[in-house]
Each structure stands twice: as C-alpha cells, then as structure tokens.
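J.: What follows is a structure written as structure tokens; I'll ask about it next.
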Amino acid sequence: MCDPRRIDLVRTPHIEASHHLALQPGTNVPLMNAFAHVVASEDLVDHDFVRERCDTESFRDWLDFARDPANAPERVADVLGVPAEDIRAAARLYATARNSAIYYGLGVTEHSQGSTMVMAMANIAMATGNIGRPGVGVNPLRGQNNVQGSCDVGSFPHEFSGYRPVKDDAVRAEFAAHWKVDLDAEPGYRIPNMLDEACAGNYKGIYIQGEDIAQSDPNTQHVEAALGSMECVVVQDLFLNETAKFAHVFLPGTSFLEKDGTFVNAERRINRVRAVMPSKAGMQEWQATQALATAMGYPMNYTSVEEILAEIAELTPIFAGVTFDLLDREGSVQWPCNEQAPTGTPVMHQEQFVRGKGLFVQTEYQPTPERANRKFPLLLTTGRILTQYNVGAQTRRTDNVEWLDEDVLEIHPADAETRGVRTDDWVSVTSRIGEITLRAKVTSRVAPGVVYTTFHHPQTGTNVVTTELSDWATNCPEYKVTAVEVRPANHRSEWQDGFAERARNQAEALAAAGS
C-alpha cells in the first residue's frame, strides 16, 4: 500500500498490507524508479516476456536508467520519507510473486507528474511480466460511475470515440462524413484552458452536465471569476449545486434510476442500464442536448438510445460489435468487442500490445514547483472518505452526514503541538493563493509535515487553497500537493464569509420565486 495517509485498507479485519509505504505527497515517481532499480539491479526481470513482447532497444535504455545509483532506495529514502529497506522489500514482493497487480486511483493522476507515474508503473509491469493475463496488470480505479464510458466515447477534447485522435485526417473525415459537418483539426480546450480563456474574455459560454466545477476544481476563486465572466452558463444537474449558482440557465438532470443506455466500468465492461422509473425531468439528458443542438442550427434526429449506441458502434472499432441485443444475451461484454472478439475481450494484451511491442519509457523525476518552505511548511493532500461521494451533492442529502457533517483537517500530533492546536479547534489553512478555516483533528494517520482534508462540504471551500498546477500531459489538477501553513483561528476566512452571504441571498431569491 502506497499512500501518504494510513487509510483503512492498510489494515482491515480480513487483510493487512505487508508494507505501507507512507511516502511524501508528490514523490510517486521516485518511488517507482526505486522499484525499477531493485528489479533491474537484482535481476528480477522476466526476460522471456521482455524478449517476446517488448521493444528491446527501449528496454536496454530503461535498464541503464533504472540501474543508475541515483534511483537506489538508499538515495531516495529521504525524499520519500520511507526507509530504504521497506522500499526494497515491497519491490521484491511485487517482482517475485506469481501474480502481481497494480491498482491505482487519483492519488497517482492528481499530480504534476501523474502521467509519468503511470508510465513508470507500466515499465515495472512489463519488466516483471505482470501484464496480459488474469490477476495482473496496471489497473486504474475510476473515481466515479461511467468515467470509463465517458472517456471511451470521446469526452476528451483531443480524441474522438475509441481514443482516436482529432488530428488524424482519416479519422476526422470519417466522423465528418457521418455527421455531415466540417470538423476542426485543432483539439478543443480542457477545463483549465476554458477557465483561463474566460477570464481573458475570449471564452463566452459553457454547457456543464453533471459536474460541479465551482466546488470540485482547484483555485476556486479563479473558477468563480471565470464563470462570472461568461455570457452564457448552462448547468444540467440533479440539484442546484454550487456551479448552478453562476448559471444563466439551469436544466434538470436525470439519475441512474431514470436512465436507459449503457455504463462502462473500470474493467472495460459495458453494462446495460434500464430506467426503473419515468424521468422526473420529463426529458433525458441526451434529448435535452439534442433539442439544444437543433435549436442552435444543427439538427439531431436520434429517436432512441439504441440508435445512438448503433452510431457509436459504427464509428468506434472497439465498440463495433456492441448492440443491445448482444448485451441482453450476454449480460455484459468488455471492449474491444468486434469481429475478432465477438463476445468481448476479458483480458487485454494477451498476445500483443495495441502498439505492437511494449515501449519502455525513462521516467525522470521532476519535483513539483509546489514545495514546502518556511512560509508554507506543511503539505496538504486532499481526498474523499468512504461515506461521502465526491462533492457530496448526493450524499449530503442522506443520513451519511451522520458520519461526516463537516470537513476536518487531519494533522499529526507533532505538528499540532508546535502550533498549539487540539482536536476540534478551529484552524486557518493558508496557501499562496487562498485561505480557509475548519476544525482540526489530531491524528497519526498522517505523517509529520503532511495534513489532509476532504472537499465534501461546499462551505469549507477546500479548493480555495489548492493551486493551478496540473499534470504535464492531461492537465489533471494537482490536488494532492499544496504547500500550506496551519494556525489557530477564531473566525471564518474572507472567502467563507462571502460564500455564506451569497448562499443567504440565493436562498432568499429562490424562496421569493416560490422554488
């Protein structure tokens, strides 16, 4: 288990981690490089797998990189905050087991080197032959329902469905011919780019479905400024969330209980979803989007979700064989599902990788610019807890609030003592871009120098203090590393006072409107 915090999975009634590597936030890459050093220097490589399945030239270069003494556990132990002998033992356990699987979540991707870390894990999996059969692999645990499916069908601005690049002329021509419209070869903006351009006056409108960026995205005050500067903000959601407070138009959304279609989970499994009740909104989200497109001059004429799935299958090779009839007959299938795999593909990469030979990539560690210093000596990392779901828009409306009725700041006893902080005291958390206050919880679940909180309650404003830094490849925000200082406090922050006033004003306006 690699986590800066001693989460419940470290020790449960049924299983206990052999090793808990409580690394410092932002040091994932040097940890994996140290694993690579152990594998390479102790010859724990699966040479048969590498010879048959991988690019030998890139492997030799990676081997030289991994053997570099700079990557030795003894050299990086102080950076990680983890004893070298623990790193070596964990690396050996992974490399020598009959089957070893890597499972990772947002603790990998929400870093400035998140993509580098994924490559580092893939290197280790290939070098030890732990890919392409049951019980192994590099497995991302998706943070929300159907994230996988959204990515599969083209939610990224640089890719069409099936992860085919927008810049590919042949791919773009295929979609353009089907949709009967010219398509731009230039990828669109990601959310951080949209917000930056909005603040610059160049991005005028946004349509947001099922996402609460005013609460969930970093640097909240920048997000609020961007939303406030747009000429048209349309929000479609189940609830009047924080982003809806900036909307010019609010459209009701539908819950999973009202949906008809498919969801795709983290194992690429396409599941049939059926409505168990009529939509309270009177219209499915796809119907609302279709009506908007038609009103804006691009007629859409889908008559059912089955027709939409048929188009996805026609334009997406990995979905080519997927139909409602197949899902009804098989229960579910895992893509790729096509002529070569008519009932899906339970295990990926069994014979070869999609690119052919597996490519090893050297993963140099580039420390995040967000570092602890004299002014901000602690590192804040943020996350969720089991009883609350993401920003809490749904779970805060249930009895789950009995387990967490407010966000709290976990702080190590040593750091609390030097600051005169006790459990339940109000504390100020200040970063280089903002300040919030919340109650403290003194606990040894976090290491000295590290503090932790959640972002489930909007009045906390956790993301007021998180920064604009993001992953070099994906722009995924670096929620896991923010340099902060913690001090005793006796008042709410300026942003929190403004939030409370805005909430009162909006509640009064809704009441006056009879909502």
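Going by the structure tokens order, chains are called A, B, ..., each with residues numbered from 1, while ligands are numbered from 1 in the order shown.
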Asp497 in chain A: which residues within 12 Å, counting only C-alpha atoms, same-chain residues fewer than 2 positions away excluded, as a PyMOL selection string?
T.: chain A and resi 435-437+459-461+491-495+499-504
J.: Would you list the contacts of range 354-359 of chain A as a PyMOL selection string, taking every protein, DNA or RNA residue within 8 Å and counting only C-alpha atoms, but skipping same-chain residues closer than 3 positions in sequence?
T.: chain A and resi 53-55+58-59+126+349
J.: Output N, CA, C and O atoms for every residue in that selection, as a PDB file, in the first residue's frame.
T.:
ATOM      1  N   ARG A  53       7.717  -9.779 -26.021  1.00  0.00           N
ATOM      2  CA  ARG A  53       6.618  -8.824 -26.090  1.00  0.00           C
ATOM      3  C   ARG A  53       7.046  -7.366 -26.153  1.00  0.00           C
ATOM      4  O   ARG A  53       6.204  -6.501 -26.439  1.00  0.00           O
ATOM      5  N   CYS A  54       8.310  -7.058 -25.883  1.00  0.00           N
ATOM      6  CA  CYS A  54       8.700  -5.661 -25.694  1.00  0.00           C
ATOM      7  C   CYS A  54       9.770  -5.217 -26.685  1.00  0.00           C
ATOM      8  O   CYS A  54      10.503  -6.028 -27.252  1.00  0.00           O
ATOM      9  N   ASP A  55       9.853  -3.917 -26.858  1.00  0.00           N
ATOM     10  CA  ASP A  55      10.881  -3.300 -27.695  1.00  0.00           C
ATOM     11  C   ASP A  55      12.221  -3.386 -26.964  1.00  0.00           C
ATOM     12  O   ASP A  55      12.380  -2.793 -25.884  1.00  0.00           O
ATOM     13  N   SER A  58      14.405   0.046 -26.317  1.00  0.00           N
ATOM     14  CA  SER A  58      13.912   0.900 -25.230  1.00  0.00           C
ATOM     15  C   SER A  58      14.087   0.201 -23.887  1.00  0.00           C
ATOM     16  O   SER A  58      14.324   0.864 -22.862  1.00  0.00           O
ATOM     17  N   PHE A  59      14.004  -1.133 -23.868  1.00  0.00           N
ATOM     18  CA  PHE A  59      14.228  -1.864 -22.620  1.00  0.00           C
ATOM     19  C   PHE A  59      15.664  -1.702 -22.144  1.00  0.00           C
ATOM     20  O   PHE A  59      15.913  -1.474 -20.948  1.00  0.00           O
ATOM     21  N   MET A 126       5.685  -4.459 -17.228  1.00  0.00           N
ATOM     22  CA  MET A 126       6.265  -5.153 -18.387  1.00  0.00           C
ATOM     23  C   MET A 126       7.563  -5.862 -18.013  1.00  0.00           C
ATOM     24  O   MET A 126       7.796  -7.013 -18.409  1.00  0.00           O
ATOM     25  N   HIS A 349      -4.194  -7.376 -23.916  1.00  0.00           N
ATOM     26  CA  HIS A 349      -2.748  -7.536 -24.144  1.00  0.00           C
ATOM     27  C   HIS A 349      -2.261  -8.974 -23.955  1.00  0.00           C
ATOM     28  O   HIS A 349      -1.107  -9.190 -23.599  1.00  0.00           O
TER      29      HIS A 349
END
J.: Within 7 Å of Ala127 in chain A, counting only C-alpha atoms, which residues show up once you throw out same-chain ones fewer than 4 positions away? Write them as a PyMOL selection string, please.
T.: chain A and resi 45-46+50+123
J.: I'd like the contact shell of Asp237 in chain A - 7 Å cut-off, only C-alpha atoms, skipping same-chain residues fewer than 3 positions apart - returned as an MDAnalysis selection string.
T.: chainID A and resid 209:210 251:253
J.: From a DSSP calculation on the backbone, collect every residue of range 77-135 of chain A in helix (DSSP H, G or I) and output the set as a ChimeraX atom specification.
T.: /A:77-80,84-96,106-109,114-127
J.: I'd like to know which of A:Met296, A:Arg384, A:Glu314, A:Arg269 is closest to Val333 in chain A, using only C-alpha atoms.
T.: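 Between A:Met296, A:Arg384, A:Glu314, A:Arg269, the residue approaching Val333 in chain A most closely is A:Arg269.
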J.: So what do you get for CA of Asn338 in chain A versus CA of Phe156 in chain A, distance-wise?
T.: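 Value for the CA of Asn338 in chain A-CA of Phe156 in chain A distance: 22.9 Å.
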J.: Under the rule that only C-alpha atoms are counted, which of A:Leu292, A:Val76, A:Ile206, A:Ala173 is the nearest residue to Ala244 in chain A?
T.: A:Ile206
J.: Just checking: using only C-alpha atoms, which residue out of A:Thr462, A:Asn241, A:Gln334, A:Gln215 ends up closest to Gln506 in chain A?
T.: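 Using only C-alpha atoms, the shortest distance to Gln506 in chain A belongs to A:Asn241.
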J.: Could you go through range 133-380 of chain A and tell me which residues DSSP, when run on the backbone, assigns to strand (DSSP E), listing them as an NGL selection string?
T.: :A and (137-140 or 159-160 or 164-165 or 205-209 or 232-237 or 249-252 or 261-264 or 269-273 or 332-334 or 378-380)
J.: Do a neighbour search on range 19-30 of chain A at 8 Å with only C-alpha atoms, toss out local chain neighbours closer than 2 positions, and write the hits as a compact mmCIF listing (two decimals) with N, CA and C atoms, in the first residue's frame.
T.:
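Saved result, around16.txt, follows:
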# COMPACT_ATOMS: atom_id res chain seq x y z
N MET A 1 0.84 -1.18 0.00
CA MET A 1 0.00 0.00 0.00
C MET A 1 0.89 1.24 0.00
N CYS A 2 0.71 2.10 -1.02
CA CYS A 2 1.49 3.35 -1.11
C CYS A 2 0.52 4.51 -0.94
N ASP A 3 0.59 5.20 0.17
CA ASP A 3 -0.33 6.30 0.45
C ASP A 3 0.28 7.16 1.56
N PRO A 4 0.27 8.49 1.42
CA PRO A 4 0.80 9.34 2.49
C PRO A 4 0.04 9.18 3.81
N ARG A 5 -1.17 8.65 3.71
CA ARG A 5 -2.07 8.55 4.86
C ARG A 5 -2.33 7.08 5.17
N ARG A 6 -2.48 6.75 6.43
CA ARG A 6 -2.79 5.37 6.81
C ARG A 6 -4.30 5.16 6.64
N VAL A 10 -5.08 -0.25 4.84
CA VAL A 10 -3.77 -0.71 5.34
C VAL A 10 -3.97 -1.89 6.29
N ALA A 17 -1.95 -5.04 4.95
CA ALA A 17 -0.88 -4.80 3.99
C ALA A 17 0.45 -5.29 4.54
N MET A 32 8.57 4.71 -7.73
CA MET A 32 8.56 3.70 -8.79
C MET A 32 9.95 3.53 -9.41
N ASN A 33 10.69 4.61 -9.50
CA ASN A 33 12.06 4.49 -10.01
C ASN A 33 12.92 3.65 -9.07
N ALA A 34 12.66 3.74 -7.78
CA ALA A 34 13.39 2.91 -6.81
C ALA A 34 12.98 1.44 -6.96
N ASN A 71 18.74 6.26 -8.48
CA ASN A 71 17.40 5.70 -8.24
C ASN A 71 17.39 4.65 -7.14
N VAL A 76 16.94 7.69 -2.40
CA VAL A 76 15.66 8.43 -2.45
C VAL A 76 14.86 8.30 -1.16
N VAL A 79 13.93 11.59 0.40
CA VAL A 79 12.95 12.32 -0.41
C VAL A 79 11.55 11.76 -0.19
N LEU A 80 11.46 10.43 -0.13
CA LEU A 80 10.17 9.77 0.03
C LEU A 80 9.66 9.81 1.46
N GLY A 81 10.58 9.84 2.42
CA GLY A 81 10.18 9.69 3.80
C GLY A 81 9.87 8.25 4.15
N VAL A 82 10.46 7.30 3.40
CA VAL A 82 10.22 5.87 3.59
C VAL A 82 11.55 5.16 3.72
N ASP A 86 12.32 -0.88 3.49
CA ASP A 86 10.90 -1.11 3.20
C ASP A 86 10.63 -1.03 1.69
N ILE A 87 11.30 -0.09 1.03
CA ILE A 87 11.14 0.03 -0.42
C ILE A 87 11.64 -1.23 -1.11
N ALA A 90 9.23 -4.22 -0.51
CA ALA A 90 7.99 -4.11 -1.29
C ALA A 90 8.25 -4.38 -2.77
N VAL A 108 -2.53 8.84 -7.89
CA VAL A 108 -1.50 8.80 -8.93
C VAL A 108 -1.68 9.94 -9.92
N HIS A 111 -1.39 14.63 -9.85
CA HIS A 111 -0.05 15.18 -9.60
C HIS A 111 0.48 15.80 -10.88
N GLN A 113 3.19 15.14 -12.19
CA GLN A 113 3.82 14.05 -12.92
C GLN A 113 2.94 12.80 -12.91
N THR A 116 3.60 10.61 -15.92
CA THR A 116 4.92 9.97 -15.78
C THR A 116 4.83 8.77 -14.85
N MET A 117 4.05 8.90 -13.79
CA MET A 117 3.89 7.80 -12.84
C MET A 117 3.20 6.60 -13.49
N ALA A 120 5.72 4.87 -15.42
CA ALA A 120 6.66 4.15 -14.55
C ALA A 120 6.06 2.83 -14.07
N THR A 363 11.63 7.52 -16.92
CA THR A 363 10.73 8.37 -16.14
C THR A 363 11.52 9.22 -15.15
N GLU A 364 12.14 10.25 -15.66
CA GLU A 364 12.91 11.16 -14.81
C GLU A 364 11.98 11.87 -13.83
N TYR A 365 12.44 12.00 -12.61
CA TYR A 365 11.67 12.69 -11.57
C TYR A 365 11.87 14.19 -11.70
N PRO A 367 10.53 17.28 -9.61
CA PRO A 367 9.72 17.68 -8.45
C PRO A 367 8.72 18.77 -8.82
N THR A 368 7.54 18.70 -8.23
CA THR A 368 6.55 19.73 -8.45
C THR A 368 7.07 21.09 -7.97
N LEU A 379 2.55 20.13 3.80
CA LEU A 379 1.98 19.73 2.52
C LEU A 379 0.56 19.22 2.74
N THR A 381 -2.70 17.39 1.33
CA THR A 381 -3.22 16.49 0.31
C THR A 381 -4.70 16.30 0.57
N ALA A 447 1.48 11.61 8.31
CA ALA A 447 2.85 11.74 8.77
C ALA A 447 3.15 13.17 9.18
N VAL A 450 2.60 16.55 6.93
CA VAL A 450 1.50 16.34 5.99
C VAL A 450 0.17 16.60 6.69
N LYS A 480 -3.17 16.83 -4.97
CA LYS A 480 -2.52 16.06 -3.91
C LYS A 480 -1.33 16.75 -3.27
N VAL A 481 -0.92 17.91 -3.78
CA VAL A 481 0.24 18.60 -3.21
C VAL A 481 -0.01 20.10 -3.18
J.: Using only C-alpha atoms, determine which residues lie at most 12 Å from Thr418 in chain A, disregarding the query and same-chain residues fewer than 4 positions distant; provide the list as a list of chain:residue names.
T.: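 Everything that qualifies: A:Ile411, A:His412, A:Pro413, A:Ala414, A:Arg422, A:Pro448, A:Gly449, A:Val486, A:Arg487, A:Pro488.
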J.: For Ala185 in chain A, find every residue with an atom within 9 Å (counting only C-alpha atoms), except residues of its own chain fewer than 5 positions away, and show them as a ChimeraX atom specification.
T.: /A:166-169,172
J.: Go through A:Pro342, A:Tyr389, A:Leu309, A:Tyr298 and flag the residue nearest Gly321 in chain A, using only C-alpha atoms for the distances.
T.: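 Closest to Gly321 in chain A of all the choices is A:Pro342.
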J.: Closest to Asp405 in chain A among A:Phe455, A:Ala288, A:Glu159, A:Glu370, using only C-alpha atoms?
T.: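 Residue with the minimum atom-to-atom distance to Asp405 in chain A: A:Phe455.
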J.: Find the residue from A:Thr454, A:Asn202, A:Ser431, A:Ser304 that sits nearest to Glu468 in chain A; use only C-alpha atoms when measuring.
T.: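 Nearest candidate to Glu468 in chain A out of A:Thr454, A:Asn202, A:Ser431, A:Ser304: A:Ser431.
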